[in-house]
$ cat work_34.json   # JSON, C-alpha atoms
[["chain", "number", "residue", "atom", "x", "y", "z"],
["W", 1, "MET", "CA", -10.52, -18.02, 7.78],
["W", 2, "SER", "CA", -13.45, -19.18, 9.88],
["W", 3, "GLU", "CA", -15.99, -16.88, 11.56],
["W", 4, "GLU", "CA", -14.36, -17.73, 14.88],
["W", 5, "GLU", "CA", -10.92, -16.74, 13.57],
["W", 6, "LYS", "CA", -12.26, -13.46, 12.16],
["W", 7, "LEU", "CA", -13.89, -12.68, 15.49],
["W", 8, "SER", "CA", -10.70, -13.45, 17.39],
["W", 9, "TYR", "CA", -8.74, -11.12, 15.09],
["W", 10, "SER", "CA", -11.20, -8.30, 15.70],
["W", 11, "GLU", "CA", -11.14, -8.88, 19.44],
["W", 12, "ALA", "CA", -7.34, -8.99, 19.45],
["W", 13, "ILE", "CA", -7.17, -5.57, 17.81],
["W", 14, "LYS", "CA", -9.58, -4.14, 20.38],
["W", 15, "LYS", "CA", -7.64, -5.63, 23.28],
["W", 16, "ALA", "CA", -4.32, -4.34, 21.98],
["W", 17, "GLY", "CA", -5.74, -0.91, 21.17],
["W", 18, "ALA", "CA", -5.42, 0.37, 24.72],
["W", 19, "ALA", "CA", -1.71, -0.48, 24.79],
["W", 20, "ILE", "CA", -0.87, 0.92, 21.36],
["W", 21, "THR", "CA", 1.84, 3.56, 21.20],
["W", 22, "ARG", "CA", 3.82, 5.30, 18.47],
["W", 23, "PHE", "CA", 6.57, 2.77, 17.88],
["W", 24, "PRO", "CA", 10.09, 3.94, 17.01],
["W", 25, "LEU", "CA", 11.78, 3.14, 13.71],
["W", 26, "LYS", "CA", 14.75, 0.82, 13.38],
["W", 27, "PRO", "CA", 16.84, 0.39, 10.21],
["W", 28, "VAL", "CA", 16.84, -2.86, 8.24],
["W", 29, "LYS", "CA", 19.38, -2.91, 5.41],
["W", 30, "GLY", "CA", 19.30, 0.88, 5.34],
["W", 31, "VAL", "CA", 15.49, 1.25, 5.46],
["W", 32, "PRO", "CA", 13.73, 2.57, 8.60],
["W", 33, "LEU", "CA", 10.97, 0.18, 9.64],
["W", 34, "MET", "CA", 8.75, 0.01, 12.71],
["W", 35, "CYS", "CA", 10.66, -1.70, 15.52],
["W", 36, "PHE", "CA", 8.27, -4.67, 15.67],
["W", 37, "ILE", "CA", 9.02, -5.39, 12.00],
["W", 38, "ALA", "CA", 12.77, -4.93, 12.41],
["W", 39, "ASN", "CA", 12.86, -7.18, 15.48],
["W", 40, "ASN", "CA", 11.19, -10.00, 13.53],
["W", 41, "TRP", "CA", 13.07, -9.46, 10.29],
["W", 42, "ASP", "CA", 14.58, -12.95, 10.00],
["W", 43, "SER", "CA", 11.16, -14.63, 9.89],
["W", 44, "ILE", "CA", 9.89, -12.12, 7.30],
["W", 45, "TRP", "CA", 12.94, -12.58, 5.07],
["W", 46, "ALA", "CA", 12.55, -16.37, 5.30],
["W", 47, "PHE", "CA", 8.91, -16.34, 4.13],
["W", 48, "HIS", "CA", 8.50, -18.67, 1.17],
["W", 49, "PRO", "CA", 5.37, -18.00, -0.90],
["W", 50, "ASP", "CA", 3.49, -20.42, -3.08],
["W", 51, "PRO", "CA", 4.06, -19.81, -6.82],
["W", 52, "SER", "CA", 0.37, -18.93, -7.15],
["W", 53, "ASP", "CA", 0.55, -16.16, -4.53],
["W", 54, "ILE", "CA", 0.11, -12.56, -5.73],
["W", 55, "LEU", "CA", 2.18, -9.77, -4.18],
["W", 56, "ILE", "CA", 0.85, -6.19, -4.21],
["W", 57, "ALA", "CA", 3.69, -3.81, -3.43],
["W", 58, "THR", "CA", 3.50, -0.06, -2.88],
["W", 59, "TYR", "CA", 5.04, 2.77, -0.95],
["W", 60, "PRO", "CA", 2.52, 3.56, 1.84],
["W", 61, "LYS", "CA", -0.60, 5.45, 0.71],
["W", 62, "ALA", "CA", -0.14, 4.87, -3.02],
["W", 63, "GLY", "CA", -3.26, 2.85, -3.84],
["W", 64, "THR", "CA", -2.60, -0.40, -1.99],
["W", 65, "THR", "CA", -6.11, -1.09, -0.68],
["W", 66, "TRP", "CA", -7.65, -0.11, -4.01],
["W", 67, "THR", "CA", -5.49, -2.64, -5.85],
["W", 68, "GLN", "CA", -6.10, -5.35, -3.24],
["W", 69, "GLU", "CA", -9.85, -4.95, -3.77],
["W", 70, "ILE", "CA", -9.56, -5.05, -7.57],
["W", 71, "VAL", "CA", -7.48, -8.24, -7.45],
["W", 72, "ASP", "CA", -9.80, -9.93, -4.95],
["W", 73, "LEU", "CA", -12.82, -9.11, -7.12],
["W", 74, "LEU", "CA", -11.05, -10.40, -10.25],
["W", 75, "LEU", "CA", -10.24, -13.68, -8.48],
["W", 76, "HIS", "CA", -13.90, -13.97, -7.45],
["W", 77, "ASN", "CA", -15.37, -13.00, -10.84],
["W", 78, "GLY", "CA", -16.74, -9.72, -9.51],
["W", 79, "ASP", "CA", -18.69, -11.33, -6.64],
["W", 80, "ALA", "CA", -19.15, -8.44, -4.20],
["W", 81, "GLU", "CA", -20.51, -10.66, -1.43],
["W", 82, "ALA", "CA", -17.54, -13.01, -1.60],
["W", 83, "CYS", "CA", -15.26, -10.00, -1.17],
["W", 84, "LYS", "CA", -17.16, -8.98, 1.96],
["W", 85, "ARG", "CA", -16.17, -12.22, 3.69],
["W", 86, "ALA", "CA", -13.69, -10.31, 5.88],
["W", 87, "PRO", "CA", -11.95, -6.92, 6.15],
["W", 88, "THR", "CA", -9.05, -6.19, 3.80],
["W", 89, "PRO", "CA", -6.24, -6.97, 6.31],
["W", 90, "ILE", "CA", -7.64, -10.48, 6.78],
["W", 91, "ARG", "CA", -8.44, -11.19, 3.12],
["W", 92, "SER", "CA", -5.07, -9.84, 2.01],
["W", 93, "PRO", "CA", -2.53, -9.99, 4.85],
["W", 94, "PHE", "CA", 0.22, -7.41, 5.31],
["W", 95, "LEU", "CA", 3.36, -9.51, 4.86],
["W", 96, "GLU", "CA", 5.78, -7.73, 7.18],
["W", 97, "ILE", "CA", 3.47, -6.32, 9.83],
["W", 98, "PHE", "CA", 4.12, -7.31, 13.43],
["W", 99, "SER", "CA", 2.12, -5.73, 16.23],
["W", 100, "PRO", "CA", 1.99, -6.15, 19.99],
["W", 101, "PRO", "CA", 0.22, -9.34, 21.15],
["W", 102, "PRO", "CA", -2.48, -10.51, 20.85],
["W", 103, "ILE", "CA", -2.77, -9.07, 17.31],
["W", 104, "PRO", "CA", -1.65, -11.77, 14.82],
["W", 105, "SER", "CA", 1.20, -10.91, 12.48],
["W", 106, "GLY", "CA", 0.87, -10.94, 8.73],
["W", 107, "LEU", "CA", 2.82, -14.20, 8.69],
["W", 108, "ASP", "CA", 0.41, -15.72, 11.24],
["W", 109, "LEU", "CA", -2.58, -14.82, 9.07],
["W", 110, "LEU", "CA", -0.93, -16.19, 5.93],
["W", 111, "LYS", "CA", -0.44, -19.56, 7.65],
["W", 112, "THR", "CA", -4.22, -19.89, 7.99],
["W", 113, "MET", "CA", -4.85, -19.37, 4.27],
["W", 114, "ASP", "CA", -4.68, -21.64, 1.24],
["W", 115, "PRO", "CA", -2.97, -20.38, -1.94],
["W", 116, "PRO", "CA", -3.44, -18.42, -4.06],
["W", 117, "ARG", "CA", -3.12, -15.64, -1.48],
["W", 118, "ILE", "CA", -3.17, -11.89, -2.09],
["W", 119, "ILE", "CA", -0.28, -10.49, -0.07],
["W", 120, "LYS", "CA", 0.38, -6.82, 0.67],
["W", 121, "THR", "CA", 3.80, -5.27, 1.26],
["W", 122, "HIS", "CA", 5.37, -1.83, 1.57],
["W", 123, "LEU", "CA", 8.89, -3.25, 1.47],
["W", 124, "SER", "CA", 11.47, -1.75, -0.88],
["W", 125, "PHE", "CA", 12.50, -4.02, -3.75],
["W", 126, "HIS", "CA", 15.71, -5.18, -2.07],
["W", 127, "LEU", "CA", 13.80, -6.17, 1.07],
["W", 128, "VAL", "CA", 11.24, -8.40, -0.66],
["W", 129, "PRO", "CA", 11.85, -12.01, 0.47],
["W", 130, "PRO", "CA", 13.74, -13.83, -2.32],
["W", 131, "GLY", "CA", 11.15, -16.60, -2.42],
["W", 132, "PHE", "CA", 8.85, -14.33, -4.44],
["W", 133, "TRP", "CA", 11.41, -14.10, -7.24],
["W", 134, "GLU", "CA", 12.51, -17.73, -6.98],
["W", 135, "ASN", "CA", 8.90, -18.89, -7.39],
["W", 136, "LYS", "CA", 8.17, -16.33, -10.12],
["W", 137, "CYS", "CA", 5.14, -14.99, -8.25],
["W", 138, "LYS", "CA", 3.00, -12.34, -9.89],
["W", 139, "VAL", "CA", 3.95, -8.95, -8.46],
["W", 140, "ILE", "CA", 1.88, -5.79, -8.97],
["W", 141, "TYR", "CA", 3.53, -2.50, -8.04],
["W", 142, "VAL", "CA", 1.53, 0.73, -7.75],
["W", 143, "ALA", "CA", 3.31, 4.09, -7.74],
["W", 144, "ARG", "CA", 1.80, 7.48, -6.93],
["W", 145, "ASN", "CA", 3.31, 10.87, -7.70],
["W", 146, "ALA", "CA", 5.55, 12.07, -4.88],
["W", 147, "LYS", "CA", 3.61, 15.19, -3.88],
["W", 148, "ASP", "CA", 0.21, 13.52, -3.54],
["W", 149, "ASN", "CA", 1.82, 10.50, -1.90],
["W", 150, "LEU", "CA", 3.48, 12.79, 0.65],
["W", 151, "VAL", "CA", 0.20, 14.57, 1.48],
["W", 152, "SER", "CA", -1.68, 11.30, 1.90],
["W", 153, "TYR", "CA", 1.07, 9.78, 4.04],
["W", 154, "TYR", "CA", 1.16, 12.89, 6.24],
["W", 155, "HIS", "CA", -2.55, 12.61, 7.03],
["W", 156, "PHE", "CA", -2.17, 8.88, 7.62],
["W", 157, "ASP", "CA", 0.74, 9.38, 10.02],
["W", 158, "CYS", "CA", -1.34, 11.93, 11.92],
["W", 159, "MET", "CA", -4.21, 9.46, 12.45],
["W", 160, "ASN", "CA", -2.22, 6.21, 12.72],
["W", 161, "LEU", "CA", -1.18, 6.14, 16.35],
["W", 162, "THR", "CA", 1.34, 3.32, 15.81],
["W", 163, "GLN", "CA", 3.70, 5.28, 13.56],
["W", 164, "PRO", "CA", 6.14, 7.99, 14.70],
["W", 165, "GLU", "CA", 4.71, 11.41, 15.48],
["W", 166, "PRO", "CA", 4.66, 13.23, 12.12],
["W", 167, "GLY", "CA", 5.26, 16.70, 13.55],
["W", 168, "PRO", "CA", 4.34, 19.85, 11.61],
["W", 169, "TRP", "CA", 3.76, 19.77, 7.87],
["W", 170, "GLU", "CA", 6.89, 21.78, 7.08],
["W", 171, "GLY", "CA", 9.15, 19.31, 8.85],
["W", 172, "TYR", "CA", 7.32, 16.32, 7.38],
["W", 173, "VAL", "CA", 8.12, 17.50, 3.84],
["W", 174, "THR", "CA", 11.82, 17.51, 4.76],
["W", 175, "LYS", "CA", 11.61, 14.05, 6.35],
["W", 176, "PHE", "CA", 9.95, 12.71, 3.18],
["W", 177, "MET", "CA", 12.72, 14.15, 1.00],
["W", 178, "LYS", "CA", 15.36, 12.61, 3.28],
["W", 179, "GLY", "CA", 13.66, 9.21, 3.42],
["W", 180, "GLU", "CA", 13.26, 9.39, 7.20],
["W", 181, "LEU", "CA", 9.70, 8.01, 7.31],
["W", 182, "ALA", "CA", 8.57, 4.43, 7.95],
["W", 183, "TRP", "CA", 9.46, 2.27, 4.92],
["W", 184, "GLY", "CA", 12.13, 4.76, 3.91],
["W", 185, "SER", "CA", 12.72, 6.77, 0.78],
["W", 186, "TRP", "CA", 9.88, 7.17, -1.73],
["W", 187, "TYR", "CA", 12.53, 7.83, -4.38],
["W", 188, "ASP", "CA", 14.43, 4.61, -3.75],
["W", 189, "HIS", "CA", 11.15, 2.70, -3.50],
["W", 190, "VAL", "CA", 9.67, 3.69, -6.86],
["W", 191, "LYS", "CA", 13.04, 3.45, -8.63],
["W", 192, "GLY", "CA", 13.84, 0.02, -7.19],
["W", 193, "TYR", "CA", 10.80, -1.67, -8.69],
["W", 194, "TRP", "CA", 10.95, 0.38, -11.89],
["W", 195, "VAL", "CA", 14.44, -0.71, -12.89],
["W", 196, "GLU", "CA", 13.60, -4.36, -12.16],
["W", 197, "ARG", "CA", 10.12, -4.42, -13.68],
["W", 198, "GLU", "CA", 11.02, -6.22, -16.92],
["W", 199, "ARG", "CA", 13.59, -8.62, -15.51],
["W", 200, "LYS", "CA", 11.26, -9.70, -12.69],
["W", 201, "ASN", "CA", 7.99, -9.48, -14.70],
["W", 202, "ILE", "CA", 6.50, -6.85, -12.39],
["W", 203, "LEU", "CA", 3.28, -5.13, -13.48],
["W", 204, "TYR", "CA", 4.10, -1.47, -12.75],
["W", 205, "LEU", "CA", 0.98, 0.68, -12.43],
["W", 206, "PHE", "CA", 0.45, 4.37, -11.74],
["W", 207, "TYR", "CA", -2.21, 5.68, -9.35],
["W", 208, "GLU", "CA", -2.90, 8.56, -11.73],
["W", 209, "ASP", "CA", -3.61, 6.15, -14.61],
["W", 210, "MET", "CA", -6.00, 4.22, -12.38],
["W", 211, "LYS", "CA", -7.88, 7.41, -11.57],
["W", 212, "GLU", "CA", -7.93, 8.59, -15.18],
["W", 213, "ASN", "CA", -9.14, 5.32, -16.73],
["W", 214, "PRO", "CA", -9.92, 2.65, -14.11],
["W", 215, "ARG", "CA", -11.41, 0.23, -16.62],
["W", 216, "ARG", "CA", -8.23, 0.18, -18.70],
["W", 217, "GLU", "CA", -6.10, -0.52, -15.63],
["W", 218, "VAL", "CA", -8.45, -3.24, -14.30],
["W", 219, "GLU", "CA", -8.15, -4.93, -17.70],
["W", 220, "ARG", "CA", -4.35, -4.66, -17.52],
["W", 221, "ILE", "CA", -4.36, -6.35, -14.11],
["W", 222, "MET", "CA", -6.71, -9.06, -15.39],
["W", 223, "LYS", "CA", -4.45, -9.86, -18.36],
["W", 224, "TYR", "CA", -1.31, -9.84, -16.22],
["W", 225, "LEU", "CA", -2.90, -12.33, -13.82],
["W", 226, "GLU", "CA", -3.92, -14.45, -16.83],
["W", 227, "LEU", "CA", -7.58, -14.25, -15.90],
["W", 228, "SER", "CA", -10.61, -13.82, -18.11],
["W", 229, "VAL", "CA", -13.80, -12.15, -16.94],
["W", 230, "SER", "CA", -16.66, -10.67, -18.97],
["W", 231, "ASP", "CA", -17.03, -7.00, -19.89],
["W", 232, "GLU", "CA", -19.99, -6.90, -17.54],
["W", 233, "VAL", "CA", -17.84, -8.12, -14.65],
["W", 234, "ILE", "CA", -15.15, -5.57, -15.48],
["W", 235, "SER", "CA", -17.76, -2.82, -15.32],
["W", 236, "ARG", "CA", -18.99, -4.12, -11.98],
["W", 237, "ILE", "CA", -15.45, -4.20, -10.56],
["W", 238, "VAL", "CA", -14.81, -0.62, -11.71],
["W", 239, "GLU", "CA", -17.99, 0.50, -9.95],
["W", 240, "LEU", "CA", -17.35, -1.48, -6.76],
["W", 241, "THR", "CA", -13.80, -0.12, -6.49],
["W", 242, "SER", "CA", -14.65, 3.52, -7.04],
["W", 243, "PHE", "CA", -13.40, 5.69, -4.18],
["W", 244, "LYS", "CA", -16.98, 6.57, -3.22],
["W", 245, "ASN", "CA", -18.05, 2.94, -2.91],
["W", 246, "MET", "CA", -14.91, 1.71, -1.20],
["W", 247, "LYS", "CA", -15.06, 4.52, 1.35],
["W", 248, "LYS", "CA", -18.47, 3.29, 2.53],
["W", 249, "ASN", "CA", -17.61, -0.42, 2.34],
["W", 250, "PRO", "CA", -16.79, -1.56, 5.92],
["W", 251, "MET", "CA", -14.83, -4.50, 4.54],
["W", 252, "ALA", "CA", -12.48, -2.15, 2.64],
["W", 253, "ASN", "CA", -12.37, 1.16, 4.52],
["W", 254, "TYR", "CA", -10.46, 0.00, 7.63],
["W", 255, "SER", "CA", -13.30, 1.00, 9.94],
["W", 256, "CYS", "CA", -12.57, -2.35, 11.64],
["W", 257, "ILE", "CA", -9.53, -0.71, 13.25],
["W", 258, "PRO", "CA", -10.53, 1.01, 16.53],
["W", 259, "ASP", "CA", -10.00, 4.72, 17.13],
["W", 260, "THR", "CA", -7.31, 3.92, 19.70],
["W", 261, "ILE", "CA", -5.16, 2.85, 16.70],
["W", 262, "PHE", "CA", -6.59, 4.80, 13.74],
["W", 263, "ASP", "CA", -7.97, 8.05, 15.18],
["W", 264, "LYS", "CA", -10.78, 8.87, 12.76],
["W", 265, "SER", "CA", -11.42, 12.19, 14.51],
["W", 266, "ILE", "CA", -8.14, 13.32, 12.90],
["W", 267, "SER", "CA", -8.58, 11.74, 9.46],
["W", 268, "HIS", "CA", -10.20, 8.73, 7.83],
["W", 269, "PHE", "CA", -8.06, 5.95, 6.37],
["W", 270, "MET", "CA", -9.69, 6.68, 3.01],
["W", 271, "ARG", "CA", -9.52, 10.46, 2.94],
["W", 272, "LYS", "CA", -9.86, 11.98, -0.59],
["W", 273, "GLY", "CA", -8.30, 9.70, -3.19],
["W", 274, "GLU", "CA", -7.61, 12.62, -5.53],
["W", 275, "VAL", "CA", -4.85, 13.56, -7.94],
["W", 276, "GLY", "CA", -3.54, 17.10, -7.39],
["W", 277, "ASP", "CA", -4.55, 17.49, -3.74],
["W", 278, "TRP", "CA", -0.92, 18.49, -3.07],
["W", 279, "LYS", "CA", -1.73, 21.97, -4.40],
["W", 280, "ASN", "CA", -3.81, 22.53, -1.25],
["W", 281, "TYR", "CA", -0.77, 21.95, 1.00],
["W", 282, "PHE", "CA", 2.48, 22.94, -0.69],
["W", 283, "THR", "CA", 3.38, 26.61, -0.58],
["W", 284, "THR", "CA", 4.98, 28.04, -3.71],
["W", 285, "GLU", "CA", 8.36, 28.00, -2.00],
["W", 286, "GLN", "CA", 7.93, 24.44, -0.71],
["W", 287, "SER", "CA", 6.93, 23.26, -4.17],
["W", 288, "LYS", "CA", 9.97, 24.91, -5.74],
["W", 289, "THR", "CA", 12.37, 23.42, -3.19],
["W", 290, "PHE", "CA", 10.72, 20.01, -3.52],
["W", 291, "ASP", "CA", 10.90, 20.06, -7.32],
["W", 292, "GLU", "CA", 14.60, 20.94, -7.27],
["W", 293, "ASP", "CA", 15.35, 18.09, -4.88],
["W", 294, "TYR", "CA", 13.14, 15.74, -6.92],
["W", 295, "GLU", "CA", 15.17, 16.42, -10.06],
["W", 296, "LYS", "CA", 18.37, 15.50, -8.24],
["W", 297, "GLN", "CA", 17.00, 12.34, -6.66],
["W", 298, "MET", "CA", 15.32, 11.08, -9.84],
["W", 299, "LYS", "CA", 18.17, 11.96, -12.19],
["W", 300, "GLY", "CA", 18.82, 9.27, -14.76],
["W", 301, "VAL", "CA", 15.53, 7.44, -14.16],
["W", 302, "ASN", "CA", 12.68, 8.49, -16.43],
["W", 303, "ILE", "CA", 9.54, 7.33, -14.62],
["W", 304, "PRO", "CA", 6.51, 9.05, -16.23],
["W", 305, "PHE", "CA", 4.82, 10.47, -13.13],
["W", 306, "ARG", "CA", 2.01, 13.01, -13.39],
["W", 307, "THR", "CA", 1.07, 15.42, -10.62],
["W", 308, "LEU", "CA", -2.19, 16.40, -12.36],
["W", 309, "ILE", "CA", -4.58, 14.61, -14.74]]
$ encode --input "work_34.json" --output "structure tokens"
Amino acid sequence: MSEEEKLSYSEAIKKAGAAITRFPLKPVKGVPLMCFIANNWDSIWAFHPDPSDILIATYPKAGTTWTQEIVDLLLHNGDAEACKRAPTPIRSPFLEIFSPPPIPSGLDLLKTMDPPRIIKTHLSFHLVPPGFWENKCKVIYVARNAKDNLVSYYHFDCMNLTQPEPGPWEGYVTKFMKGELAWGSWYDHVKGYWVERERKNILYLFYEDMKENPRREVERIMKYLELSVSDEVISRIVELTSFKNMKKNPMANYSCIPDTIFDKSISHFMRKGEVGDWKNYFTTEQSKTFDEDYEKQMKGVNIPFRTLI
């Protein structure tokens, strides 16, 4: 993308900011999505990637931006300056996102890029365009334990003025358990990719593992992508993608999005990045109720989540 194109993207966001509102959700194949996505579903479903494209899939607020930055740095041999060529949403477009004009859609941005492209999605497994599987694209899925994911998503929905009003914390917990949030059920999401991971050659990562031993997980991503970088470059990537460094990196921290869309007086896009922050929000009773429901919803699927490390 040229400097002129990057500038036009930034200006488009600013122009649209004044007209931004909390858009309602509309179901697509049983999954509630923002109405702009649902209304353009046919073009999203028809997207046909290049075999060299890399898809990074997550439930919202599960380590998406972190993984996008790691992959971009691996593809550029740890070159920090190359990865500051543009903000994350331009370097790694959001496949299904559609916003009010004049903001370009994820599909519009992808048309301006040459493969291999790093593509972000929050779509459930059954909503991923079939072209990704037909072309045997590399797909990296990152899963985060339900309680921390819920807390992070709650804060994001408070500050993201395009998503439905989150309401009080107590009600938000219930909506999460019922799958009534944008992009649907966390339970269905993590299970969908888990059961297909071997058949579709999906690299399934855990946020908690990335926090516990980032070097190990960066090396796993490197090997999966069939890349080879030096130990020194691995160390540099681990340092550059630490939460502390990414939070102050304007090309990764979403500070490019104006306050009329992401209200930073409520919360920052990159808030804490911790494992176990849920303990600061769940009451004992809420935790008990949540755990009981979790056991029912995850019955028969043994995904090794950790709520503490």
$ residues_around --input "work_34.json" --residues "stretch 272-278 of chain W" --least-positions-apart "3" --cutoff "7 Å" --atoms "only C-alpha atoms" --output "MDAnalysis selection string"
chainID W and resid 147:148 151 208 243 281:282 307:309
$ closest_residue --input "work_34.json" --among "W:Trp194, W:Trp133, W:Tyr172, W:Phe98" --to "W:Pro49" --atoms "only C-alpha atoms"
W:Trp133
$ closest_residue --input "work_34.json" --among "W:Asp263, W:Lys248, W:Asn280, W:Arg236" --to "W:Asp79" --atoms "only C-alpha atoms"
W:Arg236
$ atom_distance --input "work_34.json" --atom1 "atom CA of W:Lys138" --atom2 "atom CA of W:Ala182"
25.1 Å
$ residues_around --input "work_34.json" --residues "W:Lys175" --least-positions-apart "6" --cutoff "12 Å" --atoms "all atoms listed in the file" --output "number ranges by chain"
W: 32, 150, 153-154, 164-169, 181-182, 184-186, 290
$ closest_residue --input "work_34.json" --among "W:Gly78, W:Pro24, W:Gly63, W:Gly131" --to "W:Val233" --atoms "only C-alpha atoms"
W:Gly78
$ residues_around --input "work_34.json" --residues "stretch 139-142 of chain W" --least-positions-apart "2" --cutoff "6 Å" --atoms "only C-alpha atoms" --output "list in words"
Ile54, Leu55, Ile56, Ala57, Thr58, Ile202, Leu203, Tyr204, Leu205 and Phe206 of chain W
$ closest_residue --input "work_34.json" --among "W:Arg199, W:Trp45, W:Lys223, W:Asp72" --to "W:Lys136" --atoms "only C-alpha atoms"
W:Arg199
$ atom_distance --input "work_34.json" --atom1 "atom CA of W:Ile237" --atom2 "atom CA of W:Arg220"
13.1 Å
$ atom_distance --input "work_34.json" --atom1 "atom CA of W:Lys29" --atom2 "atom CA of W:Tyr187"
16.1 Å
$ closest_residue --input "work_34.json" --among "W:Arg85, W:Lys244, W:Lys200, W:Lys120" --to "W:Gln68" --atoms "all atoms listed in the file"
W:Lys120
$ closest_residue --input "work_34.json" --among "W:Val195, W:Thr289, W:Ile234, W:Asn149" --to "W:Val301" --atoms "all atoms listed in the file"
W:Val195
$ residues_around --input "work_34.json" --residues "W:Ser124" --least-positions-apart "3" --cutoff "9 Å" --atoms "all atoms listed in the file" --output "ChimeraX atom specification"
/W:31,57-59,121,127-128,183-185,188-190,192-193
$ write_last_selection --input "work_34.json" --atoms "C-alpha atoms" --output "short mmCIF file (atom, residue, chain, number, x, y, z; two decimals), in the frame of the given file"
data_model
loop_
_atom_site.label_atom_id
_atom_site.label_comp_id
_atom_site.auth_asym_id
_atom_site.auth_seq_id
_atom_site.Cartn_x
_atom_site.Cartn_y
_atom_site.Cartn_z
CA VAL W 31 15.49 1.25 5.46
CA ALA W 57 3.69 -3.81 -3.43
CA THR W 58 3.50 -0.06 -2.88
CA TYR W 59 5.04 2.77 -0.95
CA THR W 121 3.80 -5.27 1.26
CA LEU W 127 13.80 -6.17 1.07
CA VAL W 128 11.24 -8.40 -0.66
CA TRP W 183 9.46 2.27 4.92
CA GLY W 184 12.13 4.76 3.91
CA SER W 185 12.72 6.77 0.78
CA ASP W 188 14.43 4.61 -3.75
CA HIS W 189 11.15 2.70 -3.50
CA VAL W 190 9.67 3.69 -6.86
CA GLY W 192 13.84 0.02 -7.19
CA TYR W 193 10.80 -1.67 -8.69
#
$ residues_around --input "work_34.json" --residues "W:Arg22" --least-positions-apart "3" --cutoff "10 Å" --atoms "all atoms listed in the file" --output "mmCIF file with C-alpha atoms, in the frame of the given file"
data_model
loop_
_atom_site.group_PDB
_atom_site.id
_atom_site.type_symbol
_atom_site.label_atom_id
_atom_site.label_comp_id
_atom_site.auth_asym_id
_atom_site.auth_seq_id
_atom_site.Cartn_x
_atom_site.Cartn_y
_atom_site.Cartn_z
ATOM 1 C CA LEU W 25 11.780 3.140 13.710
ATOM 2 C CA MET W 34 8.750 0.010 12.710
ATOM 3 C CA ASP W 157 0.740 9.380 10.020
ATOM 4 C CA ASN W 160 -2.220 6.210 12.720
ATOM 5 C CA LEU W 161 -1.180 6.140 16.350
ATOM 6 C CA THR W 162 1.340 3.320 15.810
ATOM 7 C CA GLN W 163 3.700 5.280 13.560
ATOM 8 C CA PRO W 164 6.140 7.990 14.700
ATOM 9 C CA GLU W 165 4.710 11.410 15.480
ATOM 10 C CA ILE W 261 -5.160 2.850 16.700
#
